[in-house]
Amino acid sequence: MPAFDSMFVCVAVVGKNNDPLFLKGFTDEAELKFHYIVHTSLDVVEDKVANSGKGNPEMYLGHLYSIEDYKVYGYITNSKNKFIVVMKDRDGVPKDNEIKSFFRRLHVVFANMFCNPFYTPGQPITSESFGRTVATLASSL
Amino acid sequence: MAKESRSREVAESLFDLFHTEVVNTITESTPNQDKEKIYWRLEQLGFRVGHSLAERYTKDTARYQSSLEVVKFLCKEFWVGIYKKQVDNLRTNHKGVFVLQDNKFRLFCNISNRYGAARLSGTRVRSCACAYGLEVAEEAGGSATNVPLSPFSPFPSLPFPFRPCSCSQQYADQIHLYTAYSCGLIRGALANLGYIGTVSAEVP
């Protein structure tokens, strides 16, 4: 895995039944650690969704929680697919807007991949071009 | 350097014709012309498409909190995206049954009228569809009957009646098949947004 000098350490897509569809780490850490981090973030996501009762809720959920020296951000779509992003906690923390725009672009890529007739909804994402596009998006921040 | 890409256009009529042909092909390729199987195959087609379209069209909207908001999305953005118009009437019994009424369903709009183009002011008549001899009227309104909830669906049954002339009952069976794809579309979109239900169409 090429070492990016970006903040993103891991990007994950979780399906509506909380099943992991896609997880990509951008450092040399073992993937199992990221699986664990993303799994614990799902509780926080459910919490936020349940509590966002009144008003017009947004898809972007914001900063979910921090663990060790990582920060975890979340985004949920109308089809209950969740995008989780794990970032390294550095001095120059990127602004909310940048993370929001990253999630928007990720949503576009995800919608394109979803419409691919070779993809069965609910199955893990095996499309190579999806992986490459996500890697490019992540490295652009 | 990305060039300024001109938006590419496709004729709308292509889909109408394609849909007619799809129904034909599936009817012919199903052994024994089993009506139920044909309906099911067409609905499954629509299901997958509806699933994906819901994903695409909800990209820029806010999150939906209730089933009513989801159905409103169906009536507005979803219907506009597919048929270029909104659903004309939405009714609910607040217990999970929704009735969507479309007075001028696009897929039937261009099916020719036995009495010629004069009856269908404002709608084009397609010569290739003459064989079906179906009649389409564009009077507004129409009674809608609520379909009771099936015991297996925790969520809504959504019949959406169209409004062709009821003088010709001869093709009632066939027109039923032409609604299969659209029912599947709606069911797929609902499923993606988290609501399992049954969708049936009624053509009075």
# chains A, B, ... in the order shown; residues from 1 in each chain; ligands from 1
>>> residues_around(residues="Ala62 (chain B)", least_positions_apart="2", cutoff="8 Å", atoms="only C-alpha atoms", output="MDAnalysis selection string")
(chainID A and resid 56:59 78) or (chainID B and resid 58 60 64)
>>> closest_atom_pairs(of="chain B", to="chain A", cutoff="9 Å", atoms="only C-alpha atoms", output="Markdown table")
| residue | atom | partner | partner_atom | distance |
| --- | --- | --- | --- | --- |
| B:Arg48 | CA | A:Pro117 | CA | 8.7 |
| B:Val49 | CA | A:Cys115 | CA | 8.0 |
| B:His51 | CA | A:Cys115 | CA | 8.6 |
| B:Ser52 | CA | A:Cys115 | CA | 5.2 |
| B:Leu53 | CA | A:Cys115 | CA | 7.6 |
| B:Ala54 | CA | A:Ser79 | CA | 8.0 |
| B:Glu55 | CA | A:Ala111 | CA | 6.0 |
| B:Arg56 | CA | A:Ala111 | CA | 5.6 |
| B:Thr58 | CA | A:Asn78 | CA | 6.4 |
| B:Lys59 | CA | A:His107 | CA | 7.1 |
| B:Asp60 | CA | A:Arg104 | CA | 8.8 |
| B:Thr61 | CA | A:Asn78 | CA | 8.4 |
| B:Ala62 | CA | A:Glu58 | CA | 5.6 |
| B:Arg63 | CA | A:Asn78 | CA | 5.5 |
| B:Tyr64 | CA | A:Asn78 | CA | 6.8 |
| B:Gln65 | CA | A:Gly53 | CA | 7.7 |
| B:Ala191 | CA | A:Ser79 | CA | 8.7 |
| B:Asn192 | CA | A:Ser79 | CA | 5.4 |
| B:Leu193 | CA | A:Ser79 | CA | 4.6 |
| B:Gly194 | CA | A:Ser79 | CA | 6.7 |
>>> closest_residue(among="B:Leu17, B:Val97, B:Val70, B:Leu42", to="Tyr178 (chain B)", atoms="only C-alpha atoms")
B:Leu42
>>> atom_distance(atom1="CA of Lys104 (chain B)", atom2="CA of Glu36 (chain B)")
25.9 Å
>>> residues_around(residues="Ala12 (chain A)", least_positions_apart="3", cutoff="6 Å", atoms="only C-alpha atoms", output="list of chain:residue names")
A:Phe22, A:Leu23, A:Phe83, A:Ile84
>>> write_last_selection(atoms="N, CA, C and O atoms", output="compact mmCIF listing (two decimals), in the first residue's frame")
# COMPACT_ATOMS: atom_id res chain seq x y z
N PHE A 22 -17.11 -2.41 2.15
CA PHE A 22 -15.84 -1.97 1.58
C PHE A 22 -15.03 -1.36 2.70
O PHE A 22 -15.55 -0.59 3.51
N LEU A 23 -13.75 -1.70 2.76
CA LEU A 23 -12.88 -1.09 3.76
C LEU A 23 -11.49 -1.02 3.17
O LEU A 23 -10.95 -2.02 2.70
N PHE A 83 -20.98 5.78 5.36
CA PHE A 83 -19.59 5.96 4.99
C PHE A 83 -18.84 6.39 6.25
O PHE A 83 -19.23 7.36 6.88
N ILE A 84 -17.78 5.66 6.57
CA ILE A 84 -17.00 5.99 7.78
C ILE A 84 -15.60 6.33 7.33
O ILE A 84 -15.03 5.63 6.48
>>> select_by_dssp(residues="chain A", states="strand (DSSP E)", output="JSON, numbers by chain")
{"A": [8, 9, 10, 11, 12, 13, 14, 20, 21, 22, 23, 24, 25, 60, 61, 62, 63, 64, 65, 66, 67, 70, 71, 72, 73, 74, 75, 76, 82, 83, 84, 85, 86, 87, 88]}
>>> residues_around(residues="region 25-28 of chain B", least_positions_apart="5", cutoff="9 Å", atoms="only C-alpha atoms", output="list in words")
Thr20, Gln33, Asp34, Lys35, Ile38, Tyr39, Arg41 and Leu42 of chain B
>>> select_by_dssp(residues="region 12-59 of chain B", states="alpha helix (DSSP H)", output="MDAnalysis selection string")
chainID B and resid 13:29 35:57
>>> atom_distance(atom1="CA of Gly25 (chain A)", atom2="CA of Pro94 (chain A)")
18.8 Å
>>> residues_around(residues="Met87 (chain A)", least_positions_apart="5", cutoff="6 Å", atoms="only C-alpha atoms", output="PyMOL selection string")
chain A and resi 7-9+70-71
>>> write_last_selection(atoms="all heavy atoms", output="mmCIF file, in the first residue's frame")
data_model
loop_
_atom_site.group_PDB
_atom_site.id
_atom_site.type_symbol
_atom_site.label_atom_id
_atom_site.label_comp_id
_atom_site.auth_asym_id
_atom_site.auth_seq_id
_atom_site.Cartn_x
_atom_site.Cartn_y
_atom_site.Cartn_z
ATOM 1 N N MET A 7 -4.374 12.822 5.280
ATOM 2 C CA MET A 7 -4.868 12.607 6.615
ATOM 3 C C MET A 7 -5.608 11.289 6.740
ATOM 4 O O MET A 7 -5.709 10.733 7.807
ATOM 5 C CB MET A 7 -5.843 13.734 6.960
ATOM 6 C CG MET A 7 -5.250 15.080 6.752
ATOM 7 S SD MET A 7 -4.269 15.502 8.160
ATOM 8 C CE MET A 7 -4.697 17.197 8.309
ATOM 9 N N PHE A 8 -6.170 10.862 5.594
ATOM 10 C CA PHE A 8 -7.046 9.700 5.671
ATOM 11 C C PHE A 8 -6.255 8.445 5.936
ATOM 12 O O PHE A 8 -5.277 8.145 5.273
ATOM 13 C CB PHE A 8 -7.841 9.517 4.379
ATOM 14 C CG PHE A 8 -8.911 10.530 4.215
ATOM 15 C CD1 PHE A 8 -9.071 11.199 3.027
ATOM 16 C CD2 PHE A 8 -9.762 10.811 5.270
ATOM 17 C CE1 PHE A 8 -10.069 12.133 2.881
ATOM 18 C CE2 PHE A 8 -10.749 11.744 5.131
ATOM 19 C CZ PHE A 8 -10.912 12.405 3.929
ATOM 20 N N VAL A 9 -6.723 7.727 6.894
ATOM 21 C CA VAL A 9 -6.053 6.495 7.252
ATOM 22 C C VAL A 9 -6.891 5.316 6.797
ATOM 23 O O VAL A 9 -6.383 4.252 6.496
ATOM 24 C CB VAL A 9 -5.839 6.523 8.784
ATOM 25 C CG1 VAL A 9 -5.811 5.150 9.357
ATOM 26 C CG2 VAL A 9 -4.588 7.285 9.113
ATOM 27 N N TYR A 70 -6.690 8.695 16.533
ATOM 28 C CA TYR A 70 -7.516 8.770 15.333
ATOM 29 C C TYR A 70 -8.813 9.489 15.632
ATOM 30 O O TYR A 70 -9.349 9.431 16.738
ATOM 31 C CB TYR A 70 -7.867 7.370 14.829
ATOM 32 C CG TYR A 70 -6.687 6.539 14.407
ATOM 33 C CD1 TYR A 70 -6.457 5.291 14.967
ATOM 34 C CD2 TYR A 70 -5.819 7.002 13.430
ATOM 35 C CE1 TYR A 70 -5.387 4.530 14.569
ATOM 36 C CE2 TYR A 70 -4.742 6.237 13.023
ATOM 37 C CZ TYR A 70 -4.529 5.002 13.598
ATOM 38 O OH TYR A 70 -3.473 4.239 13.208
ATOM 39 N N LYS A 71 -9.336 10.137 14.580
ATOM 40 C CA LYS A 71 -10.672 10.731 14.684
ATOM 41 C C LYS A 71 -11.557 10.045 13.643
ATOM 42 O O LYS A 71 -11.113 9.779 12.528
ATOM 43 C CB LYS A 71 -10.601 12.221 14.343
ATOM 44 C CG LYS A 71 -10.107 13.085 15.458
ATOM 45 C CD LYS A 71 -10.252 14.543 15.093
ATOM 46 C CE LYS A 71 -10.214 15.322 16.374
ATOM 47 N NZ LYS A 71 -10.342 16.710 16.258
#
>>> residues_around(residues="region 138-140 of chain A", least_positions_apart="3", cutoff="12 Å", atoms="only C-alpha atoms", output="PyMOL selection string")
chain A and resi 2-12+24-27+85-87+98-99+101-103+105-106+131-135
>>> atom_distance(atom1="CA of Gln123 (chain A)", atom2="CA of Val72 (chain A)")
24.2 Å
